[in-house]
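Dumped target-v3.pdb below, it's PDB, C-alpha atoms, pLDDT in the B column:
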ATOM      1  CA  MET C   1       0.000   0.000   0.000  1.00 39.00           C
ATOM      2  CA  VAL C   2       1.273   3.479  -0.897  1.00 52.00           C
ATOM      3  CA  THR C   3       1.517   5.614   2.223  1.00 76.00           C
ATOM      4  CA  GLY C   4       3.342   8.686   0.943  1.00 95.00           C
ATOM      5  CA  ARG C   5       3.718  10.941  -2.058  1.00 97.00           C
ATOM      6  CA  LEU C   6       5.977  10.542  -5.075  1.00 98.00           C
ATOM      7  CA  ALA C   7       8.863  12.992  -5.497  1.00 98.00           C
ATOM      8  CA  VAL C   8      10.249  13.681  -8.965  1.00 97.00           C
ATOM      9  CA  VAL C   9      13.708  15.238  -8.861  1.00 97.00           C
ATOM     10  CA  ALA C  10      15.449  16.491 -11.982  1.00 95.00           C
ATOM     11  CA  GLY C  11      17.797  19.230 -13.113  1.00 90.00           C
ATOM     12  CA  HIS C  12      17.777  22.120 -15.558  1.00 79.00           C
ATOM     13  CA  SER C  13      20.022  20.143 -17.871  1.00 64.00           C
ATOM     14  CA  VAL C  14      17.311  17.501 -18.236  1.00 63.00           C
ATOM     15  CA  LEU C  15      13.901  19.150 -18.306  1.00 64.00           C
ATOM     16  CA  GLY C  16      14.418  22.884 -17.974  1.00 65.00           C
ATOM     17  CA  ARG C  17      12.988  25.109 -15.274  1.00 60.00           C
ATOM     18  CA  GLY C  18       9.364  24.203 -15.921  1.00 66.00           C
ATOM     19  CA  PHE C  19       9.701  20.419 -16.029  1.00 79.00           C
ATOM     20  CA  GLY C  20       8.703  20.487 -19.666  1.00 75.00           C
ATOM     21  CA  GLY C  21       5.140  21.520 -18.846  1.00 82.00           C
ATOM     22  CA  LEU C  22       4.602  18.599 -16.456  1.00 89.00           C
ATOM     23  CA  THR C  23       4.054  21.027 -13.585  1.00 90.00           C
ATOM     24  CA  ASP C  24       1.434  23.177 -15.303  1.00 88.00           C
ATOM     25  CA  GLY C  25      -1.099  24.110 -12.648  1.00 88.00           C
ATOM     26  CA  ALA C  26       1.137  23.018  -9.776  1.00 92.00           C
ATOM     27  CA  ARG C  27       1.473  25.215  -6.704  1.00 95.00           C
ATOM     28  CA  SER C  28       4.807  26.521  -5.439  1.00 95.00           C
ATOM     29  CA  VAL C  29       5.625  25.714  -1.802  1.00 97.00           C
ATOM     30  CA  THR C  30       8.669  26.765   0.202  1.00 97.00           C
ATOM     31  CA  THR C  31       9.495  24.277   2.938  1.00 97.00           C
ATOM     32  CA  GLY C  32      10.649  25.020   6.453  1.00 96.00           C
ATOM     33  CA  ASN C  33      14.309  24.734   5.457  1.00 94.00           C
ATOM     34  CA  GLY C  34      13.910  27.139   2.530  1.00 96.00           C
ATOM     35  CA  VAL C  35      13.682  24.646  -0.347  1.00 97.00           C
ATOM     36  CA  THR C  36      11.073  25.499  -2.994  1.00 95.00           C
ATOM     37  CA  VAL C  37       9.100  22.683  -4.625  1.00 96.00           C
ATOM     38  CA  LEU C  38       6.190  22.464  -7.039  1.00 95.00           C
ATOM     39  CA  GLU C  39       3.238  20.315  -6.019  1.00 95.00           C
ATOM     40  CA  THR C  40       0.224  18.619  -7.451  1.00 93.00           C
ATOM     41  CA  ASP C  41      -1.879  16.508  -5.080  1.00 90.00           C
ATOM     42  CA  PRO C  42      -0.018  13.211  -5.635  1.00 94.00           C
ATOM     43  CA  VAL C  43       3.415  14.465  -6.754  1.00 97.00           C
ATOM     44  CA  VAL C  44       6.132  16.817  -5.502  1.00 97.00           C
ATOM     45  CA  PHE C  45       8.559  18.163  -8.116  1.00 96.00           C
ATOM     46  CA  LEU C  46      12.007  19.426  -7.177  1.00 96.00           C
ATOM     47  CA  GLN C  47      14.578  21.058  -9.430  1.00 95.00           C
ATOM     48  CA  ARG C  48      17.833  19.931  -7.853  1.00 94.00           C
ATOM     49  CA  HIS C  49      19.831  22.914  -9.157  1.00 93.00           C
ATOM     50  CA  GLY C  50      17.366  25.485  -7.848  1.00 90.00           C
ATOM     51  CA  GLU C  51      16.755  29.033  -9.051  1.00 84.00           C
ATOM     52  CA  PRO C  52      19.103  30.721  -9.617  1.00 85.00           C
ATOM     53  CA  TYR C  53      21.154  27.786 -10.879  1.00 87.00           C
ATOM     54  CA  ARG C  54      23.399  26.045  -8.338  1.00 91.00           C
ATOM     55  CA  ALA C  55      26.315  23.997  -9.716  1.00 92.00           C
ATOM     56  CA  PRO C  56      26.473  20.266  -8.862  1.00 92.00           C
ATOM     57  CA  HIS C  57      29.146  20.593  -6.190  1.00 91.00           C
ATOM     58  CA  ARG C  58      27.052  23.242  -4.380  1.00 92.00           C
ATOM     59  CA  ILE C  59      23.793  21.284  -4.128  1.00 94.00           C
ATOM     60  CA  ASP C  60      22.632  20.484  -0.597  1.00 95.00           C
ATOM     61  CA  HIS C  61      21.164  17.036  -1.157  1.00 96.00           C
ATOM     62  CA  HIS C  62      20.337  16.575   2.523  1.00 96.00           C
ATOM     63  CA  ALA C  63      18.281  19.790   2.578  1.00 96.00           C
ATOM     64  CA  HIS C  64      16.415  18.545  -0.485  1.00 97.00           C
ATOM     65  CA  ALA C  65      15.721  15.154   1.089  1.00 97.00           C
ATOM     66  CA  ASP C  66      14.434  16.779   4.281  1.00 97.00           C
ATOM     67  CA  ALA C  67      12.159  19.048   2.230  1.00 98.00           C
ATOM     68  CA  LEU C  68      10.656  16.048   0.432  1.00 98.00           C
ATOM     69  CA  VAL C  69      10.022  14.259   3.719  1.00 98.00           C
ATOM     70  CA  GLU C  70       8.343  17.409   5.067  1.00 98.00           C
ATOM     71  CA  ARG C  71       5.997  17.403   2.078  1.00 98.00           C
ATOM     72  CA  GLY C  72       4.960  13.802   2.749  1.00 98.00           C
ATOM     73  CA  CYS C  73       7.090  11.965   0.183  1.00 98.00           C
ATOM     74  CA  ASP C  74       8.332   8.420   0.746  1.00 98.00           C
ATOM     75  CA  ARG C  75       9.946   7.666  -2.633  1.00 98.00           C
ATOM     76  CA  VAL C  76      11.974   9.488  -5.271  1.00 98.00           C
ATOM     77  CA  LEU C  77      12.076   9.157  -9.038  1.00 98.00           C
ATOM     78  CA  ALA C  78      15.302  10.913  -9.998  1.00 98.00           C
ATOM     79  CA  VAL C  79      16.082  11.941 -13.577  1.00 97.00           C
ATOM     80  CA  GLY C  80      19.713  12.579 -14.381  1.00 95.00           C
ATOM     81  CA  SER C  81      21.765  13.635 -17.387  1.00 94.00           C
ATOM     82  CA  VAL C  82      24.821  11.439 -17.957  1.00 96.00           C
ATOM     83  CA  GLY C  83      27.685  10.787 -20.315  1.00 96.00           C
ATOM     84  CA  GLY C  84      28.046   7.318 -21.819  1.00 97.00           C
ATOM     85  CA  LEU C  85      31.293   5.542 -20.998  1.00 98.00           C
ATOM     86  CA  ARG C  86      30.863   3.043 -23.859  1.00 96.00           C
ATOM     87  CA  THR C  87      30.133   3.665 -27.530  1.00 96.00           C
ATOM     88  CA  ASP C  88      26.957   1.563 -27.302  1.00 97.00           C
ATOM     89  CA  LEU C  89      25.634   3.920 -24.617  1.00 97.00           C
ATOM     90  CA  GLY C  90      25.260   6.919 -26.875  1.00 95.00           C
ATOM     91  CA  PRO C  91      22.872   9.886 -26.905  1.00 94.00           C
ATOM     92  CA  GLY C  92      19.270   8.908 -26.356  1.00 94.00           C
ATOM     93  CA  VAL C  93      19.977   5.692 -24.456  1.00 97.00           C
ATOM     94  CA  VAL C  94      18.296   5.465 -21.031  1.00 98.00           C
ATOM     95  CA  VAL C  95      19.937   3.566 -18.162  1.00 98.00           C
ATOM     96  CA  VAL C  96      18.329   2.583 -14.859  1.00 98.00           C
ATOM     97  CA  PRO C  97      21.488   1.990 -12.786  1.00 98.00           C
ATOM     98  CA  ASP C  98      21.702  -0.520  -9.959  1.00 98.00           C
ATOM     99  CA  ASP C  99      24.961   0.649  -8.378  1.00 98.00           C
ATOM    100  CA  PHE C 100      27.216   3.678  -8.125  1.00 97.00           C
ATOM    101  CA  ILE C 101      30.783   4.776  -7.403  1.00 96.00           C
ATOM    102  CA  ALA C 102      31.495   8.084  -5.653  1.00 92.00           C
ATOM    103  CA  LEU C 103      34.948   7.962  -4.092  1.00 88.00           C
ATOM    104  CA  HIS C 104      35.640  11.697  -4.104  1.00 78.00           C
ATOM    105  CA  GLY C 105      33.709  12.362  -0.910  1.00 59.00           C
ATOM    106  CA  GLY C 106      30.820  14.271  -2.480  1.00 61.00           C
ATOM    107  CA  THR C 107      28.269  11.968  -0.854  1.00 63.00           C
ATOM    108  CA  GLY C 108      28.855  13.089   2.733  1.00 78.00           C
ATOM    109  CA  SER C 109      26.697  11.705   5.518  1.00 73.00           C
ATOM    110  CA  ARG C 110      24.492  13.862   7.733  1.00 74.00           C
ATOM    111  CA  HIS C 111      25.854  11.853  10.674  1.00 63.00           C
ATOM    112  CA  ASP C 112      29.004  12.579  12.660  1.00 68.00           C
ATOM    113  CA  ASP C 113      28.723   9.381  14.727  1.00 67.00           C
ATOM    114  CA  HIS C 114      28.152   5.677  14.113  1.00 65.00           C
ATOM    115  CA  GLY C 115      24.922   6.540  12.310  1.00 65.00           C
ATOM    116  CA  GLY C 116      26.987   7.211   9.212  1.00 68.00           C
ATOM    117  CA  HIS C 117      28.182   3.603   8.980  1.00 70.00           C
ATOM    118  CA  ALA C 118      25.560   2.342   6.560  1.00 72.00           C
ATOM    119  CA  VAL C 119      25.363   0.774   3.129  1.00 74.00           C
ATOM    120  CA  HIS C 120      23.525   2.991   0.644  1.00 84.00           C
ATOM    121  CA  GLY C 121      22.388   2.448  -2.917  1.00 89.00           C
ATOM    122  CA  PHE C 122      19.356   2.357  -5.184  1.00 97.00           C
ATOM    123  CA  THR C 123      16.300   0.815  -3.487  1.00 98.00           C
ATOM    124  CA  PRO C 124      15.860  -2.582  -5.233  1.00 97.00           C
ATOM    125  CA  GLY C 125      12.079  -2.995  -5.280  1.00 97.00           C
ATOM    126  CA  TRP C 126      11.443   0.639  -6.103  1.00 98.00           C
ATOM    127  CA  ARG C 127      14.133   0.558  -8.808  1.00 98.00           C
ATOM    128  CA  SER C 128      12.358  -2.354 -10.476  1.00 98.00           C
ATOM    129  CA  ARG C 129       9.053  -0.517 -10.391  1.00 98.00           C
ATOM    130  CA  VAL C 130      10.619   2.590 -11.931  1.00 98.00           C
ATOM    131  CA  ARG C 131      12.273   0.488 -14.644  1.00 98.00           C
ATOM    132  CA  ASP C 132       8.993  -1.201 -15.535  1.00 98.00           C
ATOM    133  CA  ALA C 133       7.012   2.047 -15.593  1.00 98.00           C
ATOM    134  CA  TRP C 134       9.614   3.674 -17.821  1.00 98.00           C
ATOM    135  CA  ALA C 135       9.634   0.688 -20.194  1.00 98.00           C
ATOM    136  CA  ALA C 136       5.836   0.784 -20.437  1.00 98.00           C
ATOM    137  CA  HIS C 137       5.783   4.375 -21.712  1.00 98.00           C
ATOM    138  CA  ALA C 138       9.129   4.956 -23.457  1.00 97.00           C
ATOM    139  CA  PRO C 139       9.710   4.433 -27.180  1.00 95.00           C
ATOM    140  CA  THR C 140      12.510   1.966 -26.320  1.00 95.00           C
ATOM    141  CA  ALA C 141      13.142  -0.010 -23.152  1.00 96.00           C
ATOM    142  CA  PRO C 142      15.831   1.301 -20.796  1.00 98.00           C
ATOM    143  CA  VAL C 143      19.050  -0.531 -20.063  1.00 98.00           C
ATOM    144  CA  ASP C 144      18.329  -2.505 -16.887  1.00 98.00           C
ATOM    145  CA  GLY C 145      21.251  -2.031 -14.509  1.00 98.00           C
ATOM    146  CA  GLY C 146      24.678  -0.493 -14.742  1.00 98.00           C
ATOM    147  CA  THR C 147      27.089   1.491 -12.635  1.00 98.00           C
ATOM    148  CA  TYR C 148      26.917   5.264 -12.290  1.00 98.00           C
ATOM    149  CA  TRP C 149      30.181   7.052 -11.458  1.00 97.00           C
ATOM    150  CA  GLN C 150      29.748  10.420  -9.767  1.00 96.00           C
ATOM    151  CA  THR C 151      32.415  13.060 -10.252  1.00 95.00           C
ATOM    152  CA  SER C 152      32.475  16.319  -8.328  1.00 89.00           C
ATOM    153  CA  GLY C 153      32.006  18.639 -11.326  1.00 85.00           C
ATOM    154  CA  PRO C 154      31.178  21.144 -12.537  1.00 90.00           C
ATOM    155  CA  ARG C 155      33.898  20.679 -15.172  1.00 92.00           C
ATOM    156  CA  PHE C 156      33.765  17.828 -17.669  1.00 91.00           C
ATOM    157  CA  GLU C 157      36.241  15.011 -17.173  1.00 94.00           C
ATOM    158  CA  THR C 158      39.446  14.686 -19.193  1.00 95.00           C
ATOM    159  CA  PRO C 159      39.870  11.788 -21.667  1.00 95.00           C
ATOM    160  CA  ALA C 160      42.391  10.191 -19.303  1.00 96.00           C
ATOM    161  CA  GLU C 161      39.900  10.368 -16.436  1.00 96.00           C
ATOM    162  CA  ILE C 162      37.202   8.863 -18.630  1.00 97.00           C
ATOM    163  CA  ARG C 163      39.458   5.936 -19.569  1.00 96.00           C
ATOM    164  CA  LEU C 164      39.845   5.196 -15.860  1.00 97.00           C
ATOM    165  CA  LEU C 165      36.119   5.558 -15.122  1.00 97.00           C
ATOM    166  CA  ALA C 166      35.138   3.357 -18.078  1.00 97.00           C
ATOM    167  CA  THR C 167      37.073   0.453 -16.591  1.00 97.00           C
ATOM    168  CA  PHE C 168      34.572   0.228 -13.749  1.00 98.00           C
ATOM    169  CA  ALA C 169      31.379   2.097 -14.707  1.00 98.00           C
ATOM    170  CA  ASP C 170      28.886   2.564 -17.527  1.00 98.00           C
ATOM    171  CA  VAL C 171      27.765   6.204 -17.213  1.00 98.00           C
ATOM    172  CA  VAL C 172      29.144   9.315 -15.544  1.00 98.00           C
ATOM    173  CA  GLY C 173      27.319  12.190 -13.863  1.00 96.00           C
ATOM    174  CA  MET C 174      27.642  14.702 -11.041  1.00 95.00           C
ATOM    175  CA  THR C 175      24.600  14.379  -8.759  1.00 95.00           C
ATOM    176  CA  VAL C 176      22.765  11.065  -8.511  1.00 97.00           C
ATOM    177  CA  ALA C 177      25.012   9.179  -6.054  1.00 96.00           C
ATOM    178  CA  GLY C 178      25.059  12.011  -3.534  1.00 95.00           C
ATOM    179  CA  GLU C 179      21.315  12.405  -3.905  1.00 96.00           C
ATOM    180  CA  ALA C 180      20.817   8.664  -3.337  1.00 97.00           C
ATOM    181  CA  VAL C 181      22.807   8.740  -0.084  1.00 95.00           C
ATOM    182  CA  ALA C 182      20.884  11.751   1.230  1.00 96.00           C
ATOM    183  CA  ALA C 183      17.562  10.139   0.311  1.00 97.00           C
ATOM    184  CA  SER C 184      18.515   6.891   2.023  1.00 96.00           C
ATOM    185  CA  GLU C 185      19.547   8.677   5.217  1.00 96.00           C
ATOM    186  CA  ALA C 186      16.187  10.474   5.226  1.00 96.00           C
ATOM    187  CA  GLY C 187      14.255   7.215   4.824  1.00 96.00           C
ATOM    188  CA  LEU C 188      13.244   7.769   1.191  1.00 98.00           C
ATOM    189  CA  ALA C 189      13.210   4.990  -1.400  1.00 98.00           C
ATOM    190  CA  TYR C 190      15.327   6.140  -4.350  1.00 98.00           C
ATOM    191  CA  ALA C 191      15.769   5.116  -7.979  1.00 98.00           C
ATOM    192  CA  ALA C 192      17.240   6.988 -10.925  1.00 98.00           C
ATOM    193  CA  VAL C 193      16.586   7.118 -14.641  1.00 98.00           C
ATOM    194  CA  CYS C 194      19.733   8.326 -16.417  1.00 97.00           C
ATOM    195  CA  ILE C 195      19.480   9.801 -19.909  1.00 96.00           C
ATOM    196  CA  VAL C 196      22.632   9.760 -22.002  1.00 96.00           C
ATOM    197  CA  ASP C 197      22.983  13.230 -23.493  1.00 92.00           C
ATOM    198  CA  ASN C 198      26.501  12.674 -24.869  1.00 92.00           C
ATOM    199  CA  LEU C 199      29.353  10.232 -25.077  1.00 95.00           C
ATOM    200  CA  ALA C 200      31.839  11.063 -22.330  1.00 95.00           C
ATOM    201  CA  ASN C 201      34.910  13.076 -23.275  1.00 94.00           C
ATOM    202  CA  GLY C 202      37.182  10.910 -25.434  1.00 92.00           C
ATOM    203  CA  VAL C 203      34.749   8.036 -25.951  1.00 95.00           C
ATOM    204  CA  GLY C 204      33.505   9.379 -29.267  1.00 81.00           C
ATOM    205  CA  ASP C 205      35.371  11.088 -32.065  1.00 78.00           C
ATOM    206  CA  GLY C 206      37.277  14.085 -30.756  1.00 76.00           C
ATOM    207  CA  HIS C 207      36.757  15.973 -27.506  1.00 80.00           C
ATOM    208  CA  LEU C 208      33.380  16.699 -25.942  1.00 80.00           C
ATOM    209  CA  THR C 209      32.187  20.264 -26.435  1.00 80.00           C
ATOM    210  CA  LEU C 210      29.555  22.255 -24.580  1.00 77.00           C
ATOM    211  CA  GLU C 211      27.672  22.615 -27.858  1.00 80.00           C
ATOM    212  CA  GLU C 212      27.530  18.818 -28.240  1.00 80.00           C
ATOM    213  CA  PHE C 213      26.281  18.454 -24.662  1.00 78.00           C
ATOM    214  CA  GLU C 214      23.535  21.055 -25.168  1.00 79.00           C
ATOM    215  CA  ALA C 215      22.500  19.496 -28.492  1.00 80.00           C
ATOM    216  CA  GLY C 216      22.064  16.115 -26.802  1.00 79.00           C
ATOM    217  CA  LYS C 217      19.795  17.610 -24.155  1.00 80.00           C
ATOM    218  CA  ARG C 218      17.612  19.257 -26.794  1.00 80.00           C
ATOM    219  CA  ALA C 219      17.359  16.032 -28.784  1.00 80.00           C
ATOM    220  CA  ASN C 220      16.213  14.048 -25.738  1.00 87.00           C
ATOM    221  CA  HIS C 221      13.718  16.581 -24.420  1.00 87.00           C
ATOM    222  CA  ALA C 222      10.552  15.432 -26.224  1.00 88.00           C
ATOM    223  CA  MET C 223      11.159  11.768 -25.325  1.00 92.00           C
ATOM    224  CA  LEU C 224      11.704  12.661 -21.681  1.00 92.00           C
ATOM    225  CA  VAL C 225       8.559  14.729 -21.334  1.00 91.00           C
ATOM    226  CA  SER C 226       6.298  12.208 -23.079  1.00 93.00           C
ATOM    227  CA  THR C 227       7.675   9.243 -21.141  1.00 96.00           C
ATOM    228  CA  LEU C 228       7.446  11.017 -17.790  1.00 95.00           C
ATOM    229  CA  ALA C 229       3.879  12.081 -18.575  1.00 94.00           C
ATOM    230  CA  GLY C 230       2.953   8.412 -18.761  1.00 96.00           C
ATOM    231  CA  ALA C 231       5.207   6.995 -16.054  1.00 97.00           C
ATOM    232  CA  ILE C 232       4.540   9.526 -13.293  1.00 97.00           C
ATOM    233  CA  PRO C 233       0.823   8.657 -12.833  1.00 96.00           C
ATOM    234  CA  ASP C 234       1.748   4.956 -12.624  1.00 97.00           C
ATOM    235  CA  LEU C 235       4.437   5.601 -10.012  1.00 98.00           C
ATOM    236  CA  ALA C 236       2.302   8.014  -8.007  1.00 97.00           C
ATOM    237  CA  ARG C 237      -0.270   5.325  -7.234  1.00 94.00           C
TER     238      ARG C 237
END

Write out the structure in this file as structure tokens.
Amino acid sequence: MVTGRLAVVAGHSVLGRGFGGLTDGARSVTTGNGVTVLETDPVVFLQRHGEPYRAPHRIDHHAHADALVERGCDRVLAVGSVGGLRTDLGPGVVVVPDDFIALHGGTGSRHDDHGGHAVHGFTPGWRSRVRDAWAAHAPTAPVDGGTYWQTSGPRFETPAEIRLLATFADVVGMTVAGEAVAASEAGLAYAAVCIVDNLANGVGDGHLTLEEFEAGKRANHAMLVSTLAGAIPDLAR
């Protein structure tokens, strides 16, 4: 039985400031810790980068998680923009990861005592439900499983760094692992849908450019909005 509300968390790089029209008619609410969300009755929407834009290494994931709990959420559908670390994971591919690597320390715990000694990750049952809902409404099924490597950002990685990352992971991003840890510590189930907007720097021909990154986002936008429009009602029940 569903006891709480669904939270949808995404960034400007994925859906833009208005969630692609998905929040039309939603009300704006500022929580007790100063985080602003958009709400419909069953769903709470949160732009992880805020307004004005906050770079990945400046996001307070714990504040976001606390805000979602305050608004009655018990589960999170996260949407993240990633770079593909293999040539078969090119622009337009969608990955629902089942593990992550974040060794740089950007996933800090809220605890300063033994409470921080915990194993975090994507919530298995909820991840499966998100995968199935996405597959039911997307033009192509997502890749089921894979490892997400979180870097600190906001710069793009060098080709040498990407060669190292590609040995152990499938996609690279700057937010999802830290967000998953914060959600877990707040008692929220968490799963992520990762949209490949570009091949990571050095995986394709030549070096990644900002123009290439922005073009990938634009190309994926219509698919994202239409798939979310179908999947969100399923996941909100």

Practice task
Any chance you could resolve the PyMOL selection byres ((chain C and resi 65-69) around 10) against this file and give the residues as a ChimeraX atom specification?
Solution key: /C:4-9,30-37,44-46,60-64,70-76,179-188

Completion exercise
Counting all atoms listed in the file, closest pick from C:Leu164, C:Val43, C:Leu228, C:Ala192 relative to Gly145 of chain C is C:Ala192

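Interatomic distance, atom CA of Gly125 of chain C against atom CA of Thr23 of chain C: 26.7 Å.
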
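Proximity ranking of C:Val225, C:Ala215, C:Ala191, C:Val82 relative to Trp126 of chain C places C:Ala191 first, based on all atoms listed in the file.
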
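Between Ala231 of chain C and the candidates C:Ala136, C:His104, C:Ser109, C:Ala160, the tightest atom-to-atom separation, counting all atoms listed in the file, involves C:Ala136.
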
Exercise for the section: Name the residues that the PyMOL selection byres ((chain C and resi 162) around 12) picks from the file above, as a VMD selection string, using the file's chain letters and numbers. Expected result: chain C and resid 83 to 86 149 to 151 156 to 161 163 to 173 199 to 204 207 to 208

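Here atom CA of Gly25 of chain C and atom CA of Thr40 of chain C stand 7.7 Å from one another.
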
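Among the candidates C:Gly11, C:Pro142, C:Pro42, C:Gly206, the residue lying nearest to Pro56 of chain C is C:Gly11 (atoms considered: only C-alpha atoms).
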
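The nearest approach to Ala135 of chain C among the residues C:Asn220, C:Ser28, C:Thr227, C:Thr123, with all atoms listed in the file taken into account, belongs to C:Thr227.
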
Practice task
Could you check how far atom CA of Asp88 of chain C sits from atom CA of Ala189 of chain C, in Å to one decimal?
Solution key: 29.5 Å

Practice task
Rank nothing, just name the residue among C:Leu210, C:Ala55, C:Ala141, C:Leu89 nearest to His12 of chain C, using only C-alpha atoms.
Solution key: C:Ala55

Exercise for the section: Starting from the displayed file, determine the output of the PyMOL selection byres ((chain C and resi 93-99) around 7) and express the residue list as a ChimeraX atom specification. Expected result: /C:89-92,100,121-122,131,142-148,192-196

Requested write-out: C-alpha atoms of the selected residues, as a short mmCIF file (atom, residue, chain, number, x, y, z; two decimals), keeping the file's coordinate frame:
data_model
loop_
_atom_site.label_atom_id
_atom_site.label_comp_id
_atom_site.auth_asym_id
_atom_site.auth_seq_id
_atom_site.Cartn_x
_atom_site.Cartn_y
_atom_site.Cartn_z
CA LEU C 89 25.63 3.92 -24.62
CA GLY C 90 25.26 6.92 -26.88
CA PRO C 91 22.87 9.89 -26.90
CA GLY C 92 19.27 8.91 -26.36
CA PHE C 100 27.22 3.68 -8.12
CA GLY C 121 22.39 2.45 -2.92
CA PHE C 122 19.36 2.36 -5.18
CA ARG C 131 12.27 0.49 -14.64
CA PRO C 142 15.83 1.30 -20.80
CA VAL C 143 19.05 -0.53 -20.06
CA ASP C 144 18.33 -2.50 -16.89
CA GLY C 145 21.25 -2.03 -14.51
CA GLY C 146 24.68 -0.49 -14.74
CA THR C 147 27.09 1.49 -12.64
CA TYR C 148 26.92 5.26 -12.29
CA ALA C 192 17.24 6.99 -10.92
CA VAL C 193 16.59 7.12 -14.64
CA CYS C 194 19.73 8.33 -16.42
CA ILE C 195 19.48 9.80 -19.91
CA VAL C 196 22.63 9.76 -22.00
#

Handout entry: Spatial sel., origin (7.4, 13.4, -22.7), limit 12 Å, only C-alpha atoms, listed as a ChimeraX atom specification
Key = /C:14-15,19-22,134,137-139,219-232

For segment 149-165 of chain C, take all atoms listed in the file, fit an axis-aligned box around them, add 4 Å to each of the six sides, then output centre and edge lengths in Å rounded to one decimal, as lines of an AutoDock Vina configuration file.
center_x = 36.1
center_y = 13.2
center_z = -15.0
size_x = 20.6
size_y = 23.9
size_z = 21.3
